[in-house]
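Novice: Enclosed is the structure file query-v1.csv (CSV, N, CA and C atoms).
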```csv
chain,number,residue,atom,x,y,z
A,167,MET,N,-9.4,11.0,27.7
A,167,MET,CA,-8.0,10.5,27.4
A,167,MET,C,-7.3,11.7,26.7
A,168,LYS,N,-6.0,11.8,27.0
A,168,LYS,CA,-5.2,12.9,26.4
A,168,LYS,C,-3.8,12.4,26.1
A,169,LEU,N,-3.1,13.1,25.3
A,169,LEU,CA,-1.7,12.8,25.0
A,169,LEU,C,-0.9,13.1,26.2
A,170,ARG,N,0.2,12.3,26.5
A,170,ARG,CA,1.1,12.6,27.6
A,170,ARG,C,1.8,13.9,27.2
A,171,PRO,N,2.3,14.7,28.3
A,171,PRO,CA,3.1,15.9,28.0
A,171,PRO,C,4.3,15.5,27.1
A,172,GLY,N,4.6,16.4,26.1
A,172,GLY,CA,5.7,16.1,25.3
A,172,GLY,C,5.5,15.2,24.1
A,173,VAL,N,4.2,14.7,24.0
A,173,VAL,CA,3.9,13.9,22.8
A,173,VAL,C,3.1,14.7,21.8
A,174,PHE,N,3.4,14.6,20.5
A,174,PHE,CA,2.8,15.4,19.5
A,174,PHE,C,2.4,14.5,18.4
A,175,LEU,N,1.3,15.0,17.7
A,175,LEU,CA,0.8,14.2,16.5
A,175,LEU,C,1.1,14.9,15.2
A,176,ALA,N,1.3,14.1,14.2
A,176,ALA,CA,1.4,14.7,12.8
A,176,ALA,C,0.7,13.8,11.9
A,177,GLU,N,-0.2,14.3,11.1
A,177,GLU,CA,-0.9,13.5,10.0
A,177,GLU,C,0.2,13.2,9.0
A,178,VAL,N,0.2,11.9,8.6
A,178,VAL,CA,1.2,11.5,7.5
A,178,VAL,C,0.4,10.8,6.4
A,179,GLU,N,1.0,10.4,5.4
A,179,GLU,CA,0.3,9.8,4.2
A,179,GLU,C,-0.5,8.6,4.6
A,180,TYR,N,0.0,7.8,5.5
A,180,TYR,CA,-0.7,6.6,5.9
A,180,TYR,C,-0.9,6.6,7.4
A,181,GLY,N,-1.9,7.3,7.9
A,181,GLY,CA,-2.3,7.4,9.3
A,181,GLY,C,-1.7,8.6,10.0
A,182,THR,N,-1.2,8.4,11.2
A,182,THR,CA,-0.7,9.4,12.1
A,182,THR,C,0.6,9.1,12.7
A,183,ALA,N,1.5,10.0,12.7
A,183,ALA,CA,2.8,9.8,13.4
A,183,ALA,C,2.7,10.4,14.8
A,184,LEU,N,3.2,9.7,15.8
A,184,LEU,CA,3.3,10.3,17.2
A,184,LEU,C,4.7,10.5,17.6
A,185,LEU,N,5.1,11.6,18.0
A,185,LEU,CA,6.5,12.0,18.4
A,185,LEU,C,6.5,12.2,19.9
A,186,HIS,N,7.5,11.5,20.5
A,186,HIS,CA,7.7,11.8,21.9
A,186,HIS,C,9.0,12.7,22.0
A,187,GLU,N,8.8,13.9,22.3
A,187,GLU,CA,9.8,14.9,22.1
A,187,GLU,C,11.0,14.6,23.1
A,188,GLU,N,10.7,14.3,24.3
A,188,GLU,CA,11.8,14.1,25.3
A,188,GLU,C,12.6,12.8,25.0
A,189,ARG,N,11.9,11.8,24.6
A,189,ARG,CA,12.6,10.5,24.4
A,189,ARG,C,13.2,10.4,23.0
A,190,GLY,N,12.8,11.3,22.1
A,190,GLY,CA,13.3,11.3,20.7
A,190,GLY,C,12.8,10.1,20.0
A,191,GLU,N,11.6,9.6,20.3
A,191,GLU,CA,11.1,8.4,19.6
A,191,GLU,C,9.9,8.7,18.9
A,192,TYR,N,9.6,8.0,17.8
A,192,TYR,CA,8.3,8.2,17.1
A,192,TYR,C,7.7,6.9,16.6
A,193,TRP,N,6.4,6.9,16.5
A,193,TRP,CA,5.6,5.8,16.1
A,193,TRP,C,4.7,6.1,15.0
A,194,ASN,N,4.1,5.1,14.4
A,194,ASN,CA,3.1,5.3,13.3
A,194,ASN,C,1.8,4.6,13.7
A,195,LEU,N,0.7,5.2,13.6
A,195,LEU,CA,-0.6,4.6,13.7
A,195,LEU,C,-1.2,4.4,12.4
A,196,ASN,N,-1.7,3.2,12.0
A,196,ASN,CA,-2.3,3.1,10.7
A,196,ASN,C,-3.7,3.8,10.7
A,197,PRO,N,-4.4,4.0,9.6
A,197,PRO,CA,-5.6,4.8,9.6
A,197,PRO,C,-6.7,4.4,10.6
A,198,THR,N,-6.9,3.1,10.8
A,198,THR,CA,-7.9,2.7,11.8
A,198,THR,C,-7.4,3.1,13.2
A,199,GLY,N,-6.2,2.9,13.5
A,199,GLY,CA,-5.6,3.4,14.8
A,199,GLY,C,-5.8,4.9,15.0
A,200,ALA,N,-5.5,5.6,13.9
A,200,ALA,CA,-5.6,7.1,13.9
A,200,ALA,C,-7.1,7.5,14.2
A,201,LEU,N,-8.0,6.8,13.6
A,201,LEU,CA,-9.4,7.1,13.9
A,201,LEU,C,-9.8,6.9,15.3
A,202,ILE,N,-9.3,5.8,15.9
A,202,ILE,CA,-9.6,5.5,17.3
A,202,ILE,C,-9.0,6.7,18.2
A,203,LEU,N,-7.7,7.0,17.9
A,203,LEU,CA,-7.1,8.0,18.8
A,203,LEU,C,-7.8,9.4,18.6
A,204,GLU,N,-8.1,9.7,17.4
A,204,GLU,CA,-8.8,11.0,17.1
A,204,GLU,C,-10.1,11.0,17.9
A,205,THR,N,-10.8,9.9,18.0
A,205,THR,CA,-12.1,9.9,18.6
A,205,THR,C,-12.0,10.0,20.2
A,206,VAL,N,-11.0,9.3,20.7
A,206,VAL,CA,-10.9,9.4,22.2
A,206,VAL,C,-10.2,10.7,22.6
A,207,LEU,N,-9.4,11.3,21.8
A,207,LEU,CA,-8.8,12.6,22.2
A,207,LEU,C,-9.8,13.7,22.1
A,208,ALA,N,-10.8,13.5,21.3
A,208,ALA,CA,-11.9,14.5,21.2
A,208,ALA,C,-12.9,14.3,22.3
A,209,GLY,N,-12.6,13.4,23.2
A,209,GLY,CA,-13.5,13.1,24.4
A,209,GLY,C,-14.5,12.0,24.2
A,210,GLY,N,-14.4,11.2,23.1
A,210,GLY,CA,-15.2,10.1,22.9
A,210,GLY,C,-14.9,8.9,23.8
A,211,THR,N,-15.9,8.1,24.0
A,211,THR,CA,-15.7,6.9,24.9
A,211,THR,C,-15.1,5.8,24.0
A,212,LEU,N,-14.8,4.7,24.7
A,212,LEU,CA,-14.3,3.5,23.9
A,212,LEU,C,-15.4,3.0,23.0
A,213,ASP,N,-16.6,3.0,23.5
A,213,ASP,CA,-17.8,2.5,22.7
A,213,ASP,C,-17.9,3.4,21.5
A,214,GLU,N,-17.8,4.7,21.7
A,214,GLU,CA,-17.9,5.6,20.5
A,214,GLU,C,-16.8,5.4,19.5
A,215,ALA,N,-15.6,5.1,20.0
A,215,ALA,CA,-14.5,4.8,19.1
A,215,ALA,C,-14.8,3.5,18.3
A,216,ALA,N,-15.4,2.5,19.0
A,216,ALA,CA,-15.7,1.3,18.3
A,216,ALA,C,-16.8,1.5,17.2
A,217,ARG,N,-17.7,2.4,17.6
A,217,ARG,CA,-18.8,2.7,16.7
A,217,ARG,C,-18.3,3.4,15.4
A,218,ALA,N,-17.4,4.4,15.7
A,218,ALA,CA,-16.8,5.1,14.6
A,218,ALA,C,-16.1,4.2,13.6
A,219,LEU,N,-15.4,3.2,14.2
A,219,LEU,CA,-14.7,2.2,13.3
A,219,LEU,C,-15.7,1.4,12.5
A,220,ALA,N,-16.8,0.9,13.2
A,220,ALA,CA,-17.8,0.1,12.5
A,220,ALA,C,-18.6,0.8,11.5
A,221,ASP,N,-18.7,2.1,11.7
A,221,ASP,CA,-19.5,3.0,10.7
A,221,ASP,C,-18.7,3.1,9.4
A,222,GLU,N,-17.3,3.2,9.6
A,222,GLU,CA,-16.5,3.6,8.5
A,222,GLU,C,-15.9,2.3,7.8
A,223,TYR,N,-15.7,1.3,8.6
A,223,TYR,CA,-15.0,0.1,8.0
A,223,TYR,C,-15.9,-1.2,8.1
A,224,ALA,N,-15.6,-2.1,7.3
A,224,ALA,CA,-16.3,-3.4,7.3
A,224,ALA,C,-15.8,-4.3,8.5
A,225,VAL,N,-16.3,-3.9,9.7
A,225,VAL,CA,-16.0,-4.7,10.9
A,225,VAL,C,-17.2,-4.7,11.8
A,226,ASP,N,-17.4,-5.8,12.5
A,226,ASP,CA,-18.5,-5.9,13.4
A,226,ASP,C,-18.1,-5.1,14.7
A,227,LEU,N,-19.2,-4.7,15.4
A,227,LEU,CA,-19.0,-3.9,16.6
A,227,LEU,C,-18.2,-4.6,17.7
A,228,ASN,N,-18.4,-5.9,17.9
A,228,ASN,CA,-17.6,-6.6,19.0
A,228,ASN,C,-16.1,-6.6,18.7
A,229,SER,N,-15.8,-6.9,17.4
A,229,SER,CA,-14.4,-7.0,17.0
A,229,SER,C,-13.8,-5.6,17.1
A,230,ALA,N,-14.5,-4.6,16.7
A,230,ALA,CA,-14.0,-3.2,16.8
A,230,ALA,C,-13.8,-2.8,18.3
A,231,ALA,N,-14.7,-3.2,19.2
A,231,ALA,CA,-14.5,-2.8,20.6
A,231,ALA,C,-13.3,-3.5,21.2
A,232,ARG,N,-13.1,-4.7,20.8
A,232,ARG,CA,-11.9,-5.5,21.3
A,232,ARG,C,-10.6,-4.8,20.7
A,233,ASP,N,-10.6,-4.4,19.5
A,233,ASP,CA,-9.4,-3.7,18.9
A,233,ASP,C,-9.2,-2.4,19.5
A,234,VAL,N,-10.2,-1.6,19.8
A,234,VAL,CA,-10.1,-0.3,20.5
A,234,VAL,C,-9.4,-0.5,21.8
A,235,GLU,N,-9.9,-1.5,22.6
A,235,GLU,CA,-9.3,-1.7,23.9
A,235,GLU,C,-7.8,-2.1,23.8
A,236,GLU,N,-7.5,-3.0,22.9
A,236,GLU,CA,-6.1,-3.4,22.7
A,236,GLU,C,-5.2,-2.3,22.3
A,237,LEU,N,-5.7,-1.4,21.4
A,237,LEU,CA,-4.8,-0.3,20.9
A,237,LEU,C,-4.6,0.7,22.0
A,238,LEU,N,-5.6,1.0,22.8
A,238,LEU,CA,-5.5,2.0,23.9
A,238,LEU,C,-4.5,1.5,25.0
A,239,ASP,N,-4.6,0.2,25.2
A,239,ASP,CA,-3.7,-0.4,26.2
A,239,ASP,C,-2.2,-0.2,25.7
A,240,GLU,N,-2.1,-0.5,24.4
A,240,GLU,CA,-0.7,-0.4,23.8
A,240,GLU,C,-0.2,1.1,23.8
A,241,LEU,N,-1.1,2.0,23.6
A,241,LEU,CA,-0.7,3.4,23.6
A,241,LEU,C,-0.3,3.9,25.0
A,242,CYS,N,-1.1,3.3,26.0
A,242,CYS,CA,-0.8,3.6,27.4
A,242,CYS,C,0.6,3.0,27.8
A,243,SER,N,0.8,1.8,27.4
A,243,SER,CA,2.0,1.1,27.7
A,243,SER,C,3.2,1.8,27.1
A,244,ALA,N,3.0,2.4,25.9
A,244,ALA,CA,4.2,3.0,25.3
A,244,ALA,C,4.4,4.4,25.8
A,245,GLY,N,3.5,4.8,26.8
A,245,GLY,CA,3.7,6.1,27.4
A,245,GLY,C,3.3,7.3,26.6
A,246,LEU,N,2.3,7.0,25.7
A,246,LEU,CA,1.9,8.1,24.7
A,246,LEU,C,0.6,8.8,25.1
A,247,VAL,N,-0.2,8.1,25.8
A,247,VAL,CA,-1.5,8.7,26.3
A,247,VAL,C,-1.7,8.4,27.8
A,248,GLU,N,-2.6,9.2,28.4
A,248,GLU,CA,-3.0,9.0,29.8
A,248,GLU,C,-4.4,9.3,29.9
A,249,GLN,N,-5.0,8.9,31.0
A,249,GLN,CA,-6.4,9.1,31.3
A,249,GLN,C,-6.6,10.6,31.7
B,63,MET,N,-26.9,2.2,0.5
B,63,MET,CA,-26.1,1.9,1.7
B,63,MET,C,-24.7,2.3,1.5
B,64,LYS,N,-24.1,2.8,2.5
B,64,LYS,CA,-22.7,3.3,2.4
B,64,LYS,C,-21.7,2.2,2.2
B,65,GLN,N,-20.9,2.4,1.2
B,65,GLN,CA,-19.8,1.4,1.0
B,65,GLN,C,-18.7,1.5,2.0
B,66,LYS,N,-18.5,0.5,2.8
B,66,LYS,CA,-17.5,0.6,3.9
B,66,LYS,C,-16.1,0.2,3.4
B,67,ARG,N,-15.1,0.8,4.0
B,67,ARG,CA,-13.7,0.5,3.6
B,67,ARG,C,-13.3,-0.8,4.2
B,68,THR,N,-12.3,-1.4,3.5
B,68,THR,CA,-11.7,-2.7,4.0
B,68,THR,C,-11.1,-2.4,5.4
B,69,TYR,N,-11.3,-3.3,6.3
B,69,TYR,CA,-10.9,-3.1,7.7
B,69,TYR,C,-9.5,-3.7,7.9
B,70,GLU,N,-8.6,-2.9,8.4
B,70,GLU,CA,-7.3,-3.4,8.9
B,70,GLU,C,-7.3,-3.2,10.4
B,71,ARG,N,-6.9,-4.2,11.1
B,71,ARG,CA,-6.8,-4.0,12.6
B,71,ARG,C,-5.8,-2.8,12.9
B,72,PRO,N,-6.2,-2.0,13.9
B,72,PRO,CA,-5.3,-0.9,14.3
B,72,PRO,C,-3.9,-1.4,14.8
B,73,THR,N,-2.9,-0.7,14.3
B,73,THR,CA,-1.6,-1.0,14.7
B,73,THR,C,-0.8,0.2,15.1
B,74,LEU,N,0.0,0.0,16.2
B,74,LEU,CA,1.0,1.1,16.6
B,74,LEU,C,2.4,0.5,16.3
B,75,THR,N,3.1,1.2,15.5
B,75,THR,CA,4.4,0.7,15.1
B,75,THR,C,5.5,1.7,15.5
B,76,SER,N,6.5,1.2,16.2
B,76,SER,CA,7.7,2.0,16.6
B,76,SER,C,8.5,2.1,15.3
B,77,VAL,N,8.7,3.4,14.9
B,77,VAL,CA,9.4,3.6,13.6
B,77,VAL,C,10.9,3.9,13.7
B,78,GLY,N,11.2,4.7,14.7
B,78,GLY,CA,12.6,5.0,14.9
B,78,GLY,C,12.8,6.2,15.8
B,79,SER,N,13.9,6.9,15.6
B,79,SER,CA,14.2,8.0,16.6
B,79,SER,C,14.4,9.3,15.8
B,80,PHE,N,14.5,10.4,16.6
B,80,PHE,CA,14.8,11.6,16.0
B,80,PHE,C,15.6,12.5,16.9
B,81,LYS,N,16.3,13.4,16.4
B,81,LYS,CA,17.1,14.4,17.2
B,81,LYS,C,16.7,15.8,16.8
B,82,GLY,N,18.2,21.9,16.4
B,82,GLY,CA,18.5,23.2,16.8
B,82,GLY,C,18.0,24.3,16.0
```
Translate this structure into structure tokens?

Specialist:
Amino acid sequence: MKLRPGVFLAEVEYGTALLHEERGEYWNLNPTGALILETVLAGGTLDEAARALADEYAVDLNSAARDVEELLDELCSAGLVEQ
Amino acid sequence: MKQKRTYERPTLTSVGSFKG
């Protein structure tokens, strides 16, 4: 998974900001969302992103996997990432 | 055992817009 062309990341105090340069829009990912995005952009699978969440946070693996899938769907729908 | 951080479900929030 990778960022769509024209989308940039910036670490902010609480998570990560995503800027879509052409559309002039920006979003914020909270820290758990930022960890998911960081994992998949580094080539990690959805399972690896869920495991990264469960290692760092008090969440079970099934819930983490569901949240990973939902967030990535949302990022795709917003036009911020692509396969 | 490692102390785990409190979990917040991941959220993507549209914040606003930006514009030489």

Novice: Could you pull the residues within 12 Å of Leu238 (chain A), counting only C-alpha atoms, minus those fewer than 3 positions along the same chain, as a PyMOL selection string?

Specialist: (chain A and resi 167-169+195+199-207+211-212+215-216+231-235+241-249) or (chain B and resi 72-74)

Novice: Counting all atoms listed in the file, a student should be able to say which residues of chain A come within 7 Å of chain B; what is the right answer, written as a list in words?

Specialist: Arg189, Gly190, Glu191, Tyr192, Trp193, Asn194, Leu195, Asn196, Pro197, Thr198, Gly199, Ala200, Asp221, Glu222, Tyr223, Ala224, Val225, Asp233 and Leu237 of chain A

Novice: Using DSSP on the backbone coordinates, identify the residues of chain B assigned to strand (DSSP E); present them as a list in words.

Specialist: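 Written out, the strand (DSSP E) residues of chain B are Leu74, Thr75, Ser76, Val77, Gly78 and Ser79 of chain B.
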
Novice: Between CA of Glu214 (chain A) and CA of Val178 (chain A), what is the distance in Å, rounded to a tenth?

Specialist: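 According to the coordinates, CA of Glu214 (chain A) and CA of Val178 (chain A) are separated by 23.8 Å.
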